[in-house]
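Colleague: For reference, this is my_file-v7.cif, and it has mmCIF, N, CA and C atoms.
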```cif
data_run
loop_
_atom_site.label_atom_id
_atom_site.label_comp_id
_atom_site.auth_asym_id
_atom_site.auth_seq_id
_atom_site.Cartn_x
_atom_site.Cartn_y
_atom_site.Cartn_z
N MET A 16 -78.53 61.74 -57.03
CA MET A 16 -77.96 61.00 -58.12
C MET A 16 -76.43 61.05 -58.06
N ARG A 17 -75.89 62.21 -57.78
CA ARG A 17 -74.44 62.37 -57.69
C ARG A 17 -73.88 61.49 -56.57
N ALA A 18 -74.56 61.41 -55.45
CA ALA A 18 -74.13 60.59 -54.33
C ALA A 18 -74.08 59.11 -54.73
N ARG A 19 -75.06 58.70 -55.52
CA ARG A 19 -75.10 57.31 -55.96
C ARG A 19 -73.92 57.00 -56.88
N ILE A 20 -73.61 57.91 -57.79
CA ILE A 20 -72.49 57.73 -58.71
C ILE A 20 -71.18 57.68 -57.92
N ASP A 21 -71.04 58.58 -56.93
CA ASP A 21 -69.83 58.58 -56.10
C ASP A 21 -69.68 57.26 -55.34
N ARG A 22 -70.79 56.74 -54.84
CA ARG A 22 -70.76 55.47 -54.10
C ARG A 22 -70.34 54.31 -55.02
N ILE A 23 -70.86 54.28 -56.24
CA ILE A 23 -70.52 53.23 -57.20
C ILE A 23 -69.05 53.31 -57.56
N ILE A 24 -68.54 54.53 -57.78
CA ILE A 24 -67.12 54.71 -58.10
C ILE A 24 -66.26 54.27 -56.93
N SER A 25 -66.67 54.62 -55.72
CA SER A 25 -65.93 54.25 -54.53
C SER A 25 -65.89 52.72 -54.36
N GLU A 26 -67.02 52.06 -54.57
CA GLU A 26 -67.07 50.60 -54.46
C GLU A 26 -66.20 49.94 -55.53
N ASP A 27 -66.23 50.52 -56.72
CA ASP A 27 -65.41 49.98 -57.81
C ASP A 27 -63.93 50.10 -57.47
N ARG A 28 -63.50 51.24 -56.91
CA ARG A 28 -62.09 51.43 -56.52
C ARG A 28 -61.68 50.43 -55.45
N ARG A 29 -62.55 50.23 -54.47
CA ARG A 29 -62.24 49.26 -53.41
C ARG A 29 -62.10 47.85 -53.99
N ALA A 30 -62.98 47.50 -54.91
CA ALA A 30 -62.91 46.18 -55.54
C ALA A 30 -61.61 46.02 -56.31
N ARG A 31 -61.19 47.05 -57.04
CA ARG A 31 -59.93 47.00 -57.78
C ARG A 31 -58.75 46.92 -56.84
N ASP A 32 -58.80 47.64 -55.72
CA ASP A 32 -57.71 47.59 -54.74
C ASP A 32 -57.56 46.19 -54.17
N VAL A 33 -58.69 45.56 -53.86
CA VAL A 33 -58.65 44.19 -53.34
C VAL A 33 -58.09 43.25 -54.39
N SER A 34 -58.56 43.38 -55.64
CA SER A 34 -58.07 42.52 -56.72
C SER A 34 -56.59 42.71 -56.93
N SER A 35 -56.14 43.94 -56.90
CA SER A 35 -54.73 44.23 -57.09
C SER A 35 -53.91 43.64 -55.96
N ALA A 36 -54.40 43.76 -54.74
CA ALA A 36 -53.69 43.21 -53.58
C ALA A 36 -53.61 41.69 -53.68
N GLU A 37 -54.67 41.03 -54.14
CA GLU A 37 -54.67 39.58 -54.29
C GLU A 37 -53.65 39.15 -55.33
N LEU A 38 -53.55 39.91 -56.42
CA LEU A 38 -52.59 39.57 -57.47
C LEU A 38 -51.16 39.73 -57.01
N GLN A 39 -50.93 40.65 -56.08
CA GLN A 39 -49.57 40.91 -55.64
C GLN A 39 -49.11 40.01 -54.50
N LYS A 40 -50.02 39.23 -53.92
CA LYS A 40 -49.65 38.31 -52.86
C LYS A 40 -48.68 37.27 -53.39
N PRO A 41 -47.62 37.00 -52.64
CA PRO A 41 -46.71 35.95 -53.10
C PRO A 41 -47.41 34.59 -53.05
N ARG A 42 -47.16 33.79 -54.05
CA ARG A 42 -47.75 32.46 -54.10
C ARG A 42 -46.65 31.44 -53.90
N ALA A 43 -47.02 30.34 -53.28
CA ALA A 43 -46.06 29.25 -53.12
C ALA A 43 -45.83 28.63 -54.49
N THR A 44 -44.58 28.47 -54.85
CA THR A 44 -44.28 27.87 -56.13
C THR A 44 -43.34 26.70 -55.94
N HIS A 45 -43.42 25.81 -56.86
CA HIS A 45 -42.54 24.66 -56.91
C HIS A 45 -41.27 25.11 -57.61
N GLU A 46 -40.21 24.34 -57.51
CA GLU A 46 -38.94 24.74 -58.11
C GLU A 46 -39.03 24.93 -59.62
N ASN A 47 -40.01 24.31 -60.27
CA ASN A 47 -40.14 24.50 -61.72
C ASN A 47 -41.05 25.67 -62.06
N GLY A 48 -41.51 26.43 -61.05
CA GLY A 48 -42.29 27.64 -61.28
C GLY A 48 -43.79 27.44 -61.28
N ASN A 49 -44.27 26.22 -61.18
CA ASN A 49 -45.71 25.99 -61.17
C ASN A 49 -46.29 26.32 -59.79
N CYS A 50 -47.49 26.89 -59.79
CA CYS A 50 -48.16 27.17 -58.52
C CYS A 50 -48.61 25.86 -57.89
N LEU A 51 -48.49 25.80 -56.61
CA LEU A 51 -48.91 24.60 -55.90
C LEU A 51 -50.35 24.73 -55.47
N ALA A 52 -51.09 23.68 -55.60
CA ALA A 52 -52.45 23.62 -55.10
C ALA A 52 -52.38 23.44 -53.59
N PRO A 53 -53.49 23.60 -52.90
CA PRO A 53 -53.46 23.33 -51.46
C PRO A 53 -52.87 21.94 -51.22
N LYS A 54 -52.07 21.84 -50.15
CA LYS A 54 -51.38 20.57 -49.89
C LYS A 54 -52.38 19.47 -49.59
N ILE A 55 -52.25 18.40 -50.36
CA ILE A 55 -53.03 17.20 -50.10
C ILE A 55 -52.05 16.04 -50.12
N LYS A 56 -52.33 15.02 -49.37
CA LYS A 56 -51.45 13.86 -49.29
C LYS A 56 -51.83 12.89 -50.40
N LEU A 57 -50.94 12.75 -51.36
CA LEU A 57 -51.15 11.81 -52.45
C LEU A 57 -50.41 10.51 -52.16
N PRO A 58 -50.90 9.40 -52.68
CA PRO A 58 -50.18 8.15 -52.47
C PRO A 58 -48.83 8.18 -53.19
N THR A 59 -47.88 7.47 -52.66
CA THR A 59 -46.56 7.36 -53.27
C THR A 59 -46.68 6.64 -54.60
N ILE A 60 -46.01 7.15 -55.60
CA ILE A 60 -46.00 6.50 -56.91
C ILE A 60 -44.76 5.61 -56.97
N GLU A 61 -44.99 4.34 -57.16
CA GLU A 61 -43.89 3.39 -57.28
C GLU A 61 -43.46 3.32 -58.74
N ILE A 62 -42.18 3.30 -58.97
CA ILE A 62 -41.68 3.12 -60.33
C ILE A 62 -41.62 1.62 -60.58
N ALA A 63 -42.32 1.21 -61.62
CA ALA A 63 -42.37 -0.22 -61.95
C ALA A 63 -40.98 -0.71 -62.34
N LYS A 64 -40.71 -1.95 -62.07
CA LYS A 64 -39.45 -2.58 -62.47
C LYS A 64 -39.52 -2.90 -63.95
N PHE A 65 -38.43 -2.62 -64.64
CA PHE A 65 -38.34 -2.92 -66.07
C PHE A 65 -37.25 -3.96 -66.27
N GLY A 66 -37.63 -5.08 -66.84
CA GLY A 66 -36.69 -6.18 -67.01
C GLY A 66 -36.21 -6.40 -68.43
N GLY A 67 -36.68 -5.61 -69.38
CA GLY A 67 -36.24 -5.77 -70.74
C GLY A 67 -37.34 -6.14 -71.72
N GLN A 68 -38.57 -6.25 -71.25
CA GLN A 68 -39.70 -6.53 -72.14
C GLN A 68 -40.01 -5.26 -72.92
N ILE A 69 -39.72 -5.24 -74.20
CA ILE A 69 -39.78 -4.01 -74.99
C ILE A 69 -41.17 -3.37 -74.99
N THR A 70 -42.22 -4.17 -74.86
CA THR A 70 -43.58 -3.61 -74.86
C THR A 70 -43.87 -2.83 -73.58
N GLU A 71 -43.06 -2.98 -72.56
CA GLU A 71 -43.27 -2.28 -71.29
C GLU A 71 -42.38 -1.05 -71.15
N PHE A 72 -41.52 -0.78 -72.13
CA PHE A 72 -40.56 0.31 -71.98
C PHE A 72 -41.22 1.69 -71.94
N LYS A 73 -42.23 1.92 -72.74
CA LYS A 73 -42.86 3.25 -72.75
C LYS A 73 -43.38 3.64 -71.37
N HIS A 74 -43.89 2.67 -70.64
CA HIS A 74 -44.39 2.94 -69.28
C HIS A 74 -43.25 3.42 -68.38
N ILE A 75 -42.15 2.69 -68.36
CA ILE A 75 -41.03 3.08 -67.51
C ILE A 75 -40.42 4.38 -68.02
N TYR A 76 -40.37 4.55 -69.33
CA TYR A 76 -39.80 5.76 -69.92
C TYR A 76 -40.56 7.01 -69.47
N ASP A 77 -41.87 6.99 -69.62
CA ASP A 77 -42.68 8.15 -69.24
C ASP A 77 -42.67 8.39 -67.73
N THR A 78 -42.79 7.32 -66.97
CA THR A 78 -42.81 7.45 -65.51
C THR A 78 -41.47 7.96 -65.00
N PHE A 79 -40.39 7.39 -65.48
CA PHE A 79 -39.06 7.78 -65.03
C PHE A 79 -38.75 9.22 -65.42
N ASN A 80 -39.13 9.61 -66.62
CA ASN A 80 -38.95 11.01 -67.04
C ASN A 80 -39.70 11.95 -66.12
N SER A 81 -40.94 11.64 -65.85
CA SER A 81 -41.78 12.52 -65.04
C SER A 81 -41.32 12.62 -63.60
N LEU A 82 -41.02 11.48 -62.99
CA LEU A 82 -40.71 11.47 -61.56
C LEU A 82 -39.24 11.70 -61.22
N ILE A 83 -38.34 11.28 -62.08
CA ILE A 83 -36.92 11.32 -61.74
C ILE A 83 -36.15 12.31 -62.61
N ILE A 84 -36.17 12.12 -63.90
CA ILE A 84 -35.35 12.96 -64.77
C ILE A 84 -35.75 14.43 -64.69
N ASN A 85 -37.04 14.71 -64.67
CA ASN A 85 -37.50 16.11 -64.61
C ASN A 85 -37.48 16.69 -63.20
N ASN A 86 -37.05 15.92 -62.22
CA ASN A 86 -36.97 16.38 -60.84
C ASN A 86 -35.67 17.15 -60.64
N LYS A 87 -35.76 18.47 -60.54
CA LYS A 87 -34.57 19.33 -60.45
C LYS A 87 -33.85 19.20 -59.10
N VAL A 88 -34.49 18.62 -58.11
CA VAL A 88 -33.88 18.47 -56.79
C VAL A 88 -32.85 17.34 -56.78
N LEU A 89 -33.06 16.35 -57.62
CA LEU A 89 -32.16 15.19 -57.63
C LEU A 89 -30.94 15.45 -58.51
N ASP A 90 -29.76 15.12 -57.97
CA ASP A 90 -28.56 15.21 -58.82
C ASP A 90 -28.46 13.92 -59.63
N HIS A 91 -27.52 13.86 -60.56
CA HIS A 91 -27.43 12.73 -61.47
C HIS A 91 -27.02 11.43 -60.78
N VAL A 92 -26.27 11.51 -59.71
CA VAL A 92 -25.90 10.29 -58.97
C VAL A 92 -27.16 9.66 -58.37
N LYS A 93 -28.01 10.47 -57.76
CA LYS A 93 -29.26 9.94 -57.20
C LYS A 93 -30.15 9.38 -58.30
N LYS A 94 -30.22 10.09 -59.41
CA LYS A 94 -31.03 9.60 -60.54
C LYS A 94 -30.50 8.25 -61.03
N PHE A 95 -29.18 8.11 -61.06
CA PHE A 95 -28.58 6.84 -61.49
C PHE A 95 -28.95 5.72 -60.51
N HIS A 96 -28.93 6.00 -59.21
CA HIS A 96 -29.33 4.98 -58.23
C HIS A 96 -30.79 4.59 -58.43
N TYR A 97 -31.66 5.57 -58.66
CA TYR A 97 -33.07 5.25 -58.93
C TYR A 97 -33.20 4.40 -60.19
N LEU A 98 -32.41 4.73 -61.20
CA LEU A 98 -32.46 3.96 -62.45
C LEU A 98 -32.03 2.52 -62.20
N LEU A 99 -30.93 2.34 -61.50
CA LEU A 99 -30.45 0.98 -61.21
C LEU A 99 -31.48 0.18 -60.42
N SER A 100 -32.18 0.85 -59.51
CA SER A 100 -33.17 0.12 -58.70
C SER A 100 -34.47 -0.13 -59.47
N SER A 101 -34.60 0.48 -60.64
CA SER A 101 -35.83 0.33 -61.43
C SER A 101 -35.71 -0.68 -62.57
N VAL A 102 -34.51 -1.22 -62.77
CA VAL A 102 -34.33 -2.18 -63.86
C VAL A 102 -33.87 -3.53 -63.30
N THR A 103 -34.26 -4.58 -63.99
CA THR A 103 -33.90 -5.94 -63.60
C THR A 103 -33.50 -6.71 -64.86
N ASN A 104 -33.07 -7.91 -64.66
CA ASN A 104 -32.78 -8.86 -65.74
C ASN A 104 -31.90 -8.25 -66.83
N GLU A 105 -32.32 -8.39 -68.08
CA GLU A 105 -31.54 -7.94 -69.23
C GLU A 105 -31.25 -6.44 -69.20
N ALA A 106 -32.25 -5.64 -68.79
CA ALA A 106 -32.06 -4.19 -68.75
C ALA A 106 -31.01 -3.81 -67.69
N HIS A 107 -31.02 -4.50 -66.57
CA HIS A 107 -30.03 -4.23 -65.52
C HIS A 107 -28.63 -4.63 -65.99
N GLN A 108 -28.54 -5.75 -66.68
CA GLN A 108 -27.24 -6.21 -67.19
C GLN A 108 -26.62 -5.20 -68.15
N LEU A 109 -27.46 -4.49 -68.87
CA LEU A 109 -26.98 -3.51 -69.84
C LEU A 109 -26.22 -2.36 -69.18
N ILE A 110 -26.61 -1.98 -67.95
CA ILE A 110 -26.00 -0.80 -67.31
C ILE A 110 -25.28 -1.09 -66.00
N GLN A 111 -25.33 -2.32 -65.52
CA GLN A 111 -24.83 -2.64 -64.19
C GLN A 111 -23.33 -2.39 -64.00
N ASN A 112 -22.54 -2.46 -65.05
CA ASN A 112 -21.09 -2.31 -64.91
C ASN A 112 -20.61 -0.87 -65.03
N LEU A 113 -21.52 0.06 -65.28
CA LEU A 113 -21.13 1.47 -65.33
C LEU A 113 -20.95 1.99 -63.91
N PRO A 114 -19.84 2.68 -63.63
CA PRO A 114 -19.69 3.29 -62.30
C PRO A 114 -20.77 4.35 -62.09
N VAL A 115 -21.29 4.44 -60.87
CA VAL A 115 -22.34 5.41 -60.56
C VAL A 115 -21.67 6.78 -60.39
N THR A 116 -21.74 7.57 -61.46
CA THR A 116 -21.16 8.92 -61.46
C THR A 116 -22.16 9.89 -62.09
N GLN A 117 -21.89 11.18 -61.92
CA GLN A 117 -22.75 12.21 -62.52
C GLN A 117 -22.84 12.00 -64.04
N GLN A 118 -21.70 11.79 -64.68
CA GLN A 118 -21.67 11.67 -66.14
C GLN A 118 -22.32 10.38 -66.63
N ASN A 119 -22.18 9.31 -65.89
CA ASN A 119 -22.67 8.02 -66.35
C ASN A 119 -24.18 7.86 -66.26
N PHE A 120 -24.86 8.72 -65.54
CA PHE A 120 -26.32 8.61 -65.52
C PHE A 120 -26.86 8.74 -66.94
N HIS A 121 -26.40 9.77 -67.66
CA HIS A 121 -26.89 9.96 -69.04
C HIS A 121 -26.44 8.82 -69.95
N VAL A 122 -25.26 8.29 -69.72
CA VAL A 122 -24.78 7.16 -70.51
C VAL A 122 -25.72 5.97 -70.30
N ALA A 123 -26.04 5.68 -69.05
CA ALA A 123 -26.92 4.54 -68.74
C ALA A 123 -28.32 4.75 -69.31
N TRP A 124 -28.89 5.92 -69.11
CA TRP A 124 -30.24 6.20 -69.61
C TRP A 124 -30.26 6.10 -71.14
N ASN A 125 -29.24 6.63 -71.80
CA ASN A 125 -29.19 6.57 -73.26
C ASN A 125 -29.01 5.14 -73.77
N LEU A 126 -28.24 4.32 -73.04
CA LEU A 126 -28.11 2.91 -73.43
C LEU A 126 -29.47 2.22 -73.40
N LEU A 127 -30.23 2.46 -72.33
CA LEU A 127 -31.56 1.85 -72.23
C LEU A 127 -32.49 2.36 -73.32
N CYS A 128 -32.47 3.67 -73.54
CA CYS A 128 -33.35 4.26 -74.57
C CYS A 128 -32.97 3.77 -75.96
N ASP A 129 -31.68 3.71 -76.25
CA ASP A 129 -31.25 3.23 -77.56
C ASP A 129 -31.67 1.78 -77.80
N ARG A 130 -31.64 0.99 -76.75
CA ARG A 130 -31.98 -0.43 -76.87
C ARG A 130 -33.49 -0.67 -76.92
N TYR A 131 -34.24 0.03 -76.09
CA TYR A 131 -35.66 -0.32 -75.90
C TYR A 131 -36.66 0.70 -76.44
N ASN A 132 -36.25 1.91 -76.73
CA ASN A 132 -37.19 2.92 -77.21
C ASN A 132 -37.19 2.93 -78.74
N ASN A 133 -37.56 1.81 -79.31
CA ASN A 133 -37.53 1.59 -80.74
C ASN A 133 -38.97 1.37 -81.20
N GLU A 134 -39.58 2.41 -81.76
CA GLU A 134 -41.00 2.37 -82.13
C GLU A 134 -41.36 1.19 -83.04
N PRO A 135 -40.60 0.92 -84.11
CA PRO A 135 -40.97 -0.22 -84.96
C PRO A 135 -40.93 -1.56 -84.21
N LEU A 136 -39.92 -1.75 -83.36
CA LEU A 136 -39.84 -3.01 -82.60
C LEU A 136 -40.97 -3.11 -81.57
N ILE A 137 -41.30 -1.98 -80.94
CA ILE A 137 -42.39 -1.98 -79.96
C ILE A 137 -43.71 -2.33 -80.67
N ALA A 138 -43.95 -1.72 -81.82
CA ALA A 138 -45.18 -2.01 -82.57
C ALA A 138 -45.22 -3.47 -83.01
N ALA A 139 -44.10 -3.97 -83.52
CA ALA A 139 -44.06 -5.37 -83.95
C ALA A 139 -44.31 -6.33 -82.79
N ALA A 140 -43.74 -6.02 -81.64
CA ALA A 140 -43.93 -6.86 -80.46
C ALA A 140 -45.40 -6.88 -80.04
N HIS A 141 -46.05 -5.73 -80.13
CA HIS A 141 -47.49 -5.69 -79.79
C HIS A 141 -48.31 -6.50 -80.78
N VAL A 142 -47.95 -6.46 -82.05
CA VAL A 142 -48.65 -7.26 -83.06
C VAL A 142 -48.50 -8.74 -82.76
N VAL A 143 -47.29 -9.16 -82.45
CA VAL A 143 -47.04 -10.57 -82.13
C VAL A 143 -47.87 -10.99 -80.92
N ILE A 144 -47.91 -10.15 -79.90
CA ILE A 144 -48.69 -10.46 -78.69
C ILE A 144 -50.17 -10.58 -79.04
N ASN A 145 -50.68 -9.64 -79.86
CA ASN A 145 -52.11 -9.68 -80.22
C ASN A 145 -52.45 -10.88 -81.09
N VAL A 146 -51.56 -11.22 -82.02
CA VAL A 146 -51.79 -12.39 -82.87
C VAL A 146 -51.78 -13.66 -82.02
N SER A 147 -50.83 -13.74 -81.10
CA SER A 147 -50.77 -14.91 -80.21
C SER A 147 -52.02 -15.02 -79.36
N ALA A 148 -52.49 -13.88 -78.86
CA ALA A 148 -53.71 -13.89 -78.05
C ALA A 148 -54.90 -14.32 -78.88
N SER A 149 -54.98 -13.86 -80.14
CA SER A 149 -56.08 -14.25 -81.02
C SER A 149 -56.04 -15.74 -81.32
N ASP A 150 -54.83 -16.26 -81.56
CA ASP A 150 -54.69 -17.69 -81.81
C ASP A 150 -55.13 -18.49 -80.59
N GLN A 151 -54.75 -18.04 -79.41
CA GLN A 151 -55.13 -18.74 -78.18
C GLN A 151 -56.65 -18.72 -78.00
N GLN A 152 -57.28 -17.58 -78.31
CA GLN A 152 -58.74 -17.51 -78.20
C GLN A 152 -59.40 -18.47 -79.18
N GLY A 153 -58.87 -18.53 -80.40
CA GLY A 153 -59.42 -19.44 -81.40
C GLY A 153 -59.32 -20.88 -80.97
N ILE A 154 -58.19 -21.26 -80.39
CA ILE A 154 -57.99 -22.62 -79.91
C ILE A 154 -58.95 -22.93 -78.76
N SER A 155 -59.11 -21.96 -77.85
CA SER A 155 -59.97 -22.22 -76.70
C SER A 155 -61.44 -22.29 -77.10
N HIS A 156 -61.79 -21.70 -78.27
CA HIS A 156 -63.17 -21.77 -78.75
C HIS A 156 -63.39 -22.84 -79.80
N GLY A 157 -62.36 -23.70 -79.97
CA GLY A 157 -62.50 -24.80 -80.93
C GLY A 157 -62.27 -24.39 -82.37
N VAL A 158 -61.69 -23.22 -82.60
CA VAL A 158 -61.44 -22.78 -83.99
C VAL A 158 -60.00 -23.09 -84.31
N LYS A 159 -59.79 -23.77 -85.43
CA LYS A 159 -58.43 -24.12 -85.83
C LYS A 159 -57.83 -22.98 -86.63
N SER A 160 -56.54 -22.84 -86.47
CA SER A 160 -55.79 -21.85 -87.26
C SER A 160 -55.69 -22.33 -88.68
N THR A 161 -55.61 -21.42 -89.63
CA THR A 161 -55.52 -21.81 -91.05
C THR A 161 -54.09 -21.94 -91.52
N ASP A 162 -53.14 -22.05 -90.61
CA ASP A 162 -51.71 -22.18 -90.98
C ASP A 162 -51.43 -23.50 -91.63
#
```
I need this file expressed as structure tokens, please.

Modeller:
Amino acid sequence: MRARIDRIISEDRRARDVSSAELQKPRATHENGNCLAPKIKLPTIEIAKFGGQITEFKHIYDTFNSLIINNKVLDHVKKFHYLLSSVTNEAHQLIQNLPVTQQNFHVAWNLLCDRYNNEPLIAAAHVVINVSASDQQGISHGVKSTD
């Protein structure tokens, strides 16, 4: 019986030693401190072009924040170049005359956010789009509007 208890204690110690050694192994980490999963090749994420359509701003806002702004490897000049290449039309006109500098990246991003990240306007624009779509469906089904 004593031999069996000694064997169980010995096996338990070996298991703890292995667990402890596994915990102490250095892990590959990303610059933001997150552990990396085994390397897999993911498709490139393209940043959609934003031309000033207010209903599309949340998409560019979230994507740009995730891929560019939160990327600690990129300096502000590179971020500004990515921003300029991601906007067209009215949105591009808003920031195109700013010199590409470290300081002006935040100026440009804030100009876009101040102009397009307006929750009440975004909601109103979606309502207008949905009402227009409903009116179009009614017309295509032979239903007249009550206006």

Colleague: Between atom N of A:Leu109 and atom CA of A:Ser81, what is the distance, to one decimal in Å?

Modeller: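 These atoms are spaced 22.6 Å apart.
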
Colleague: Using only C-alpha atoms, find each residue in stretch 80-100 of chain A having at least one atom no more than 12 Å away from stretch 117-127 of chain A; report its shortest atom-to-atom pair and that distance in Å (one decimal), rows by chain then rising number, as a tab-separated table.

Modeller:
```
residue	atom	partner	partner_atom	distance
A:Asn80	CA	A:Trp124	CA	10.3
A:Ile83	CA	A:Trp124	CA	11.5
A:Ile84	CA	A:Trp124	CA	9.8
A:Leu89	CA	A:Gln117	CA	11.0
A:Asp90	CA	A:Gln117	CA	7.5
A:His91	CA	A:Gln117	CA	4.8
A:Val92	CA	A:Gln117	CA	5.1
A:Lys93	CA	A:Gln117	CA	8.7
A:Lys94	CA	A:Phe120	CA	6.9
A:Phe95	CA	A:Phe120	CA	4.9
A:His96	CA	A:Phe120	CA	8.7
A:Tyr97	CA	A:Phe120	CA	10.0
A:Leu98	CA	A:Trp124	CA	7.8
A:Leu99	CA	A:Ala123	CA	9.0
```

Colleague: Between A:Val102, A:Val142, A:Leu82, A:Cys128, which has the minimum distance to A:Gly67 (counting all atoms listed in the file)?

Modeller: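 Checking each of A:Val102, A:Val142, A:Leu82, A:Cys128 against A:Gly67, counting all atoms listed in the file, the winner is A:Val102.
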
Colleague: For the atom pair atom C of A:Glu134 and atom N of A:Thr78, what is the interatomic distance in Å to one decimal place?

Modeller: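 Answer for the atom C of A:Glu134 to atom N of A:Thr78 separation: 17.3 Å.
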
Colleague: Could you jot down the atom N of A:Ile137 to atom CA of A:Asn112 separation for me, Å, one decimal place?

Modeller: 25.8 Å

Colleague: Out of stretch 106-151 of chain A, which residues get alpha helix (DSSP H) from DSSP, as an NGL selection string?

Modeller: :A and (106-110 or 117-131 or 134-151)

Colleague: Taking (-32.6, -4.8, -69.3) in the file's own coordinates, collect the residues within 8 Å, counting all atoms listed in the file, and hand them back as a VMD selection string.

Modeller: chain A and resid 65 to 68 102 to 110 127

Colleague: Rank nothing, just name the residue among A:Ile62, A:Ala18, A:Ile69, A:Leu113 nearest to A:His141, using all atoms listed in the file.

Modeller: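 Looking only at the distances to A:His141, the closest residue turns out to be A:Ile69.
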
Colleague: Between A:Pro114, A:Asn145, A:Asn85, A:Tyr131, which is the closest to A:Glu71 once you count all atoms listed in the file?

Modeller: A:Tyr131
